[in-house]
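With TSV, C-alpha atoms inside, this is protein-v5.tsv:
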chain	number	residue	atom	x	y	z
A	1	MET	CA	0.00	0.00	0.00
A	2	ALA	CA	1.37	3.43	-0.95
A	3	ARG	CA	2.23	5.94	1.73
A	4	ILE	CA	1.28	9.61	1.40
A	5	ALA	CA	3.95	12.23	2.12
A	6	THR	CA	2.24	14.01	5.02
A	7	GLY	CA	4.95	13.75	7.63
A	8	ARG	CA	3.17	10.67	8.97
A	9	ASN	CA	3.81	7.06	8.17
A	10	GLU	CA	0.24	6.08	7.26
A	11	THR	CA	-1.66	4.60	4.36
A	12	PRO	CA	-4.45	6.58	2.65
A	13	GLU	CA	-6.96	4.46	4.58
A	14	GLU	CA	-5.23	5.16	7.89
A	15	ARG	CA	-5.20	8.86	7.06
A	16	SER	CA	-8.92	8.80	6.25
A	17	ASP	CA	-9.63	7.00	9.52
A	18	ARG	CA	-7.60	9.58	11.47
A	19	ASN	CA	-9.26	12.48	9.64
A	20	TRP	CA	-12.71	11.00	10.26
A	21	ASN	CA	-11.97	10.65	13.98
A	22	GLU	CA	-10.81	14.28	14.13
A	23	LEU	CA	-13.99	15.36	12.32
A	24	LEU	CA	-16.10	13.43	14.84
A	25	GLN	CA	-14.40	15.21	17.74
A	26	GLU	CA	-15.24	18.56	16.15
A	27	LEU	CA	-18.82	17.43	15.59
A	28	ARG	CA	-19.15	16.48	19.27
A	29	VAL	CA	-18.15	19.99	20.33
A	30	MET	CA	-20.53	21.63	17.87
A	31	GLN	CA	-23.38	19.29	18.70
A	32	THR	CA	-23.31	20.21	22.37
A	33	GLY	CA	-23.35	23.94	21.70
A	34	THR	CA	-26.05	23.58	19.08
A	35	GLN	CA	-28.25	21.48	21.36
A	36	ILE	CA	-27.93	23.98	24.21
A	37	LEU	CA	-28.80	26.94	21.99
A	38	THR	CA	-31.71	25.11	20.34
A	39	GLY	CA	-33.05	23.98	23.71
A	40	PHE	CA	-32.81	27.53	25.04
A	41	LEU	CA	-34.70	28.88	22.05
A	42	LEU	CA	-37.41	26.24	22.22
A	43	THR	CA	-38.22	27.11	25.85
A	44	LEU	CA	-38.70	30.84	25.26
A	45	PRO	CA	-42.35	30.82	24.09
A	46	PHE	CA	-43.29	29.16	27.37
A	47	GLN	CA	-41.96	32.07	29.43
A	48	SER	CA	-44.49	34.59	30.68
A	49	ARG	CA	-42.66	37.61	29.19
A	50	PHE	CA	-42.60	36.11	25.69
A	51	THR	CA	-45.95	37.79	24.90
A	52	GLU	CA	-44.29	41.19	25.55
A	53	LEU	CA	-41.87	40.86	22.61
A	54	ASP	CA	-42.31	43.34	19.79
A	55	ASP	CA	-42.55	42.34	16.11
A	56	PHE	CA	-38.79	42.62	15.52
A	57	GLN	CA	-38.06	40.38	18.50
A	58	VAL	CA	-40.64	37.76	17.50
A	59	THR	CA	-39.33	37.73	13.92
A	60	THR	CA	-35.75	37.46	15.18
A	61	TYR	CA	-36.80	34.62	17.47
A	62	LEU	CA	-38.54	32.70	14.68
A	63	VAL	CA	-35.57	33.13	12.33
A	64	LEU	CA	-33.31	31.85	15.12
A	65	VAL	CA	-35.47	28.77	15.67
A	66	VAL	CA	-35.27	27.93	11.97
A	67	LEU	CA	-31.49	28.56	11.94
A	68	ALA	CA	-30.99	26.47	15.10
A	69	VAL	CA	-32.98	23.59	13.65
A	70	ALA	CA	-31.09	23.89	10.35
A	71	THR	CA	-27.81	23.88	12.28
A	72	THR	CA	-28.87	20.74	14.13
A	73	ILE	CA	-29.77	19.05	10.85
A	74	VAL	CA	-26.45	20.00	9.26
A	75	VAL	CA	-24.40	19.00	12.34
A	76	VAL	CA	-26.00	15.55	12.35
A	77	ALA	CA	-25.71	15.11	8.56
A	78	PRO	CA	-22.16	13.65	8.64
A	79	VAL	CA	-23.39	10.95	11.01
A	80	SER	CA	-26.12	10.02	8.55
A	81	LEU	CA	-23.62	10.18	5.70
A	82	HIS	CA	-21.29	7.80	7.52
A	83	ARG	CA	-24.12	5.44	8.41
A	84	LEU	CA	-25.35	5.26	4.81
A	85	LEU	CA	-21.85	4.81	3.36
A	86	PHE	CA	-20.61	2.45	6.09
A	87	ARG	CA	-18.67	-0.55	4.75
A	88	ARG	CA	-18.80	0.69	1.17
A	89	HIS	CA	-15.09	1.56	1.08
A	90	LEU	CA	-15.83	5.28	0.67
A	91	LYS	CA	-14.07	6.63	3.77
A	92	SER	CA	-12.07	9.23	1.84
A	93	GLU	CA	-15.23	10.55	0.18
A	94	THR	CA	-17.07	10.46	3.51
A	95	VAL	CA	-14.33	12.55	5.13
A	96	THR	CA	-14.32	15.06	2.25
A	97	ILE	CA	-18.09	15.51	2.26
A	98	GLY	CA	-18.20	15.52	6.08
A	99	ASP	CA	-15.59	18.29	6.09
A	100	ARG	CA	-17.70	20.39	3.71
A	101	ILE	CA	-20.83	19.81	5.75
A	102	LEU	CA	-19.03	20.77	8.95
A	103	LYS	CA	-17.91	24.06	7.40
A	104	ILE	CA	-21.53	24.83	6.50
A	105	ALA	CA	-22.57	23.94	10.05
A	106	LEU	CA	-20.00	26.39	11.43
A	107	GLY	CA	-21.56	29.14	9.31
A	108	PHE	CA	-25.04	28.32	10.59
A	109	LEU	CA	-23.80	28.13	14.18
A	110	GLY	CA	-22.13	31.52	13.83
A	111	LEU	CA	-25.43	32.99	12.69
A	112	VAL	CA	-27.32	31.38	15.58
A	113	VAL	CA	-24.81	32.57	18.19
A	114	THR	CA	-24.89	36.10	16.79
A	115	GLY	CA	-28.68	36.07	16.56
A	116	VAL	CA	-29.14	34.84	20.11
A	117	VAL	CA	-26.95	37.68	21.35
A	118	LEU	CA	-29.01	40.11	19.27
A	119	LEU	CA	-32.29	38.83	20.71
A	120	VAL	CA	-31.14	38.72	24.33
A	121	PHE	CA	-29.56	42.17	24.25
A	122	ASP	CA	-32.61	43.58	22.44
A	123	VAL	CA	-34.92	42.28	25.17
A	124	VAL	CA	-32.67	43.33	28.05
A	125	THR	CA	-31.22	46.65	26.79
A	126	THR	CA	-31.98	48.71	23.69
A	127	ARG	CA	-32.06	47.86	20.01
A	128	GLY	CA	-29.00	50.02	19.32
A	129	VAL	CA	-26.95	48.26	21.99
A	130	ALA	CA	-28.21	44.91	20.76
A	131	LEU	CA	-27.17	45.64	17.17
A	132	ALA	CA	-23.75	46.87	18.28
A	133	VAL	CA	-23.05	43.86	20.49
A	134	ALA	CA	-24.36	41.41	17.88
A	135	GLY	CA	-22.17	43.11	15.28
A	136	ALA	CA	-19.16	42.71	17.58
A	137	VAL	CA	-20.01	39.04	18.10
A	138	ALA	CA	-20.35	38.53	14.34
A	139	ILE	CA	-16.92	40.08	13.81
A	140	ALA	CA	-15.44	37.91	16.59
A	141	VAL	CA	-16.93	34.79	15.01
A	142	LEU	CA	-15.58	35.74	11.58
A	143	VAL	CA	-12.11	36.43	12.95
A	144	ALA	CA	-11.91	33.38	15.23
A	145	TRP	CA	-13.57	30.87	12.92
A	146	LEU	CA	-12.60	32.10	9.46
A	147	THR	CA	-10.04	34.88	9.13
A	148	ALA	CA	-7.44	33.62	11.64
A	149	PRO	CA	-7.48	29.99	10.43
A	150	MET	CA	-7.30	31.06	6.77
A	151	ARG	CA	-4.42	33.42	7.52
A	152	LEU	CA	-2.56	30.66	9.35
A	153	ALA	CA	-3.19	28.26	6.47
A	154	ARG	CA	-1.84	30.75	3.92
A	155	ARG	CA	1.22	31.49	6.02
A	156	ASN	CA	2.06	27.79	6.35
A	157	ALA	CA	1.22	26.83	2.75

The structure given in the file should be rewritten as structure tokens.
Amino acid sequence: MARIATGRNETPEERSDRNWNELLQELRVMQTGTQILTGFLLTLPFQSRFTELDDFQVTTYLVLVVLAVATTIVVVAPVSLHRLLFRRHLKSETVTIGDRILKIALGFLGLVVTGVVLLVFDVVTTRGVALAVAGAVAIAVLVAWLTAPMRLARRNA
């Protein structure tokens, strides 16, 4: 079996197995955060103050529920992918598609995190403060999850 020059002494199959395991670890982290945010959102309509929300807040809430559910669907998709392709000798393809799906899930999760901050700050403070803080969170997400990793990748290419 041919070895790939990656600085590791592993076959392509071993590399795919390692990459899949790393992907699963990332999914576990995302799944927990996604479940907590989705659970939080799903309990809000049952709070007594929910009826006091204005139209903007209700619309924001409903968009967040859809985004949180979409995030959950996307985060679980690699598990379904693996289950359906299990024992078909498609591990490399599974890892590649799983990687793409996980990147999409990160985008959705960034939107949910930013939106939750927007909604909470809008309810607790003012709309202007909420927009400013949500904007800062969006920038932080972009820098931490996209800009910094891409810059590091380019520097080490």

Which residues are close to Thr71 of chain A, i.e. within 12 Å by all atoms listed in the file, leaving aside same-chain residues fewer than 4 positions away? Reply as a PDB file with C-alpha atoms, keeping the file's coordinate frame.
ATOM      1  CA  LEU A  27     -18.820  17.430  15.590  1.00  0.00           C
ATOM      2  CA  MET A  30     -20.530  21.630  17.870  1.00  0.00           C
ATOM      3  CA  GLN A  31     -23.380  19.290  18.700  1.00  0.00           C
ATOM      4  CA  THR A  32     -23.310  20.210  22.370  1.00  0.00           C
ATOM      5  CA  GLY A  33     -23.350  23.940  21.700  1.00  0.00           C
ATOM      6  CA  THR A  34     -26.050  23.580  19.080  1.00  0.00           C
ATOM      7  CA  GLN A  35     -28.250  21.480  21.360  1.00  0.00           C
ATOM      8  CA  ILE A  36     -27.930  23.980  24.210  1.00  0.00           C
ATOM      9  CA  LEU A  37     -28.800  26.940  21.990  1.00  0.00           C
ATOM     10  CA  THR A  38     -31.710  25.110  20.340  1.00  0.00           C
ATOM     11  CA  LEU A  64     -33.310  31.850  15.120  1.00  0.00           C
ATOM     12  CA  VAL A  65     -35.470  28.770  15.670  1.00  0.00           C
ATOM     13  CA  VAL A  66     -35.270  27.930  11.970  1.00  0.00           C
ATOM     14  CA  LEU A  67     -31.490  28.560  11.940  1.00  0.00           C
ATOM     15  CA  VAL A  75     -24.400  19.000  12.340  1.00  0.00           C
ATOM     16  CA  VAL A  76     -26.000  15.550  12.350  1.00  0.00           C
ATOM     17  CA  ALA A  77     -25.710  15.110   8.560  1.00  0.00           C
ATOM     18  CA  ILE A 101     -20.830  19.810   5.750  1.00  0.00           C
ATOM     19  CA  LEU A 102     -19.030  20.770   8.950  1.00  0.00           C
ATOM     20  CA  LYS A 103     -17.910  24.060   7.400  1.00  0.00           C
ATOM     21  CA  ILE A 104     -21.530  24.830   6.500  1.00  0.00           C
ATOM     22  CA  ALA A 105     -22.570  23.940  10.050  1.00  0.00           C
ATOM     23  CA  LEU A 106     -20.000  26.390  11.430  1.00  0.00           C
ATOM     24  CA  GLY A 107     -21.560  29.140   9.310  1.00  0.00           C
ATOM     25  CA  PHE A 108     -25.040  28.320  10.590  1.00  0.00           C
ATOM     26  CA  LEU A 109     -23.800  28.130  14.180  1.00  0.00           C
ATOM     27  CA  GLY A 110     -22.130  31.520  13.830  1.00  0.00           C
ATOM     28  CA  LEU A 111     -25.430  32.990  12.690  1.00  0.00           C
ATOM     29  CA  VAL A 112     -27.320  31.380  15.580  1.00  0.00           C
ATOM     30  CA  VAL A 113     -24.810  32.570  18.190  1.00  0.00           C
TER      31      VAL A 113
END

What is the atom CA of Ala140 of chain A to atom CA of Ala157 of chain A distance in Å?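 Atom CA of Ala157 of chain A lies at a distance of 24.3 Å from atom CA of Ala140 of chain A.
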
Residues at most 12 Å from Leu90 of chain A, counting only C-alpha atoms, excluding those fewer than 4 positions away in the same chain, as a PDB file with C-alpha atoms, in the frame of the given file?
ATOM      1  CA  PRO A  12      -4.450   6.580   2.650  1.00  0.00           C
ATOM      2  CA  GLU A  13      -6.960   4.460   4.580  1.00  0.00           C
ATOM      3  CA  SER A  16      -8.920   8.800   6.250  1.00  0.00           C
ATOM      4  CA  ASP A  17      -9.630   7.000   9.520  1.00  0.00           C
ATOM      5  CA  TRP A  20     -12.710  11.000  10.260  1.00  0.00           C
ATOM      6  CA  LEU A  81     -23.620  10.180   5.700  1.00  0.00           C
ATOM      7  CA  HIS A  82     -21.290   7.800   7.520  1.00  0.00           C
ATOM      8  CA  ARG A  83     -24.120   5.440   8.410  1.00  0.00           C
ATOM      9  CA  LEU A  84     -25.350   5.260   4.810  1.00  0.00           C
ATOM     10  CA  LEU A  85     -21.850   4.810   3.360  1.00  0.00           C
ATOM     11  CA  PHE A  86     -20.610   2.450   6.090  1.00  0.00           C
ATOM     12  CA  THR A  94     -17.070  10.460   3.510  1.00  0.00           C
ATOM     13  CA  VAL A  95     -14.330  12.550   5.130  1.00  0.00           C
ATOM     14  CA  THR A  96     -14.320  15.060   2.250  1.00  0.00           C
ATOM     15  CA  ILE A  97     -18.090  15.510   2.260  1.00  0.00           C
ATOM     16  CA  GLY A  98     -18.200  15.520   6.080  1.00  0.00           C
TER      17      GLY A  98
END

Can you work out which one of A:Thr147, A:Lys91, A:Arg155, A:Leu119 has the shortest atom-to-atom distance to Glu14 of chain A, counting only C-alpha atoms?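 That would be A:Lys91, the residue with the smallest distance to Glu14 of chain A.
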
Smallest atom-to-atom distance to Val117 of chain A: which of A:Asn9, A:Gln25, A:Thr60, A:Thr51, using all atoms listed in the file?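 The answer is A:Thr60, which sits nearest to Val117 of chain A.
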
For a test of reading the model, state the distance in Å between atom CA of Leu131 of chain A and atom CA of Leu118 of chain A, rounded to one decimal.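 Computing the Euclidean distance for atom CA of Leu131 of chain A and atom CA of Leu118 of chain A yields 6.2 Å.
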
One decimal, in Å: what's the spacing between atom CA of Thr125 of chain A and atom CA of Leu146 of chain A?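 Those two atoms sit 29.3 Å apart.
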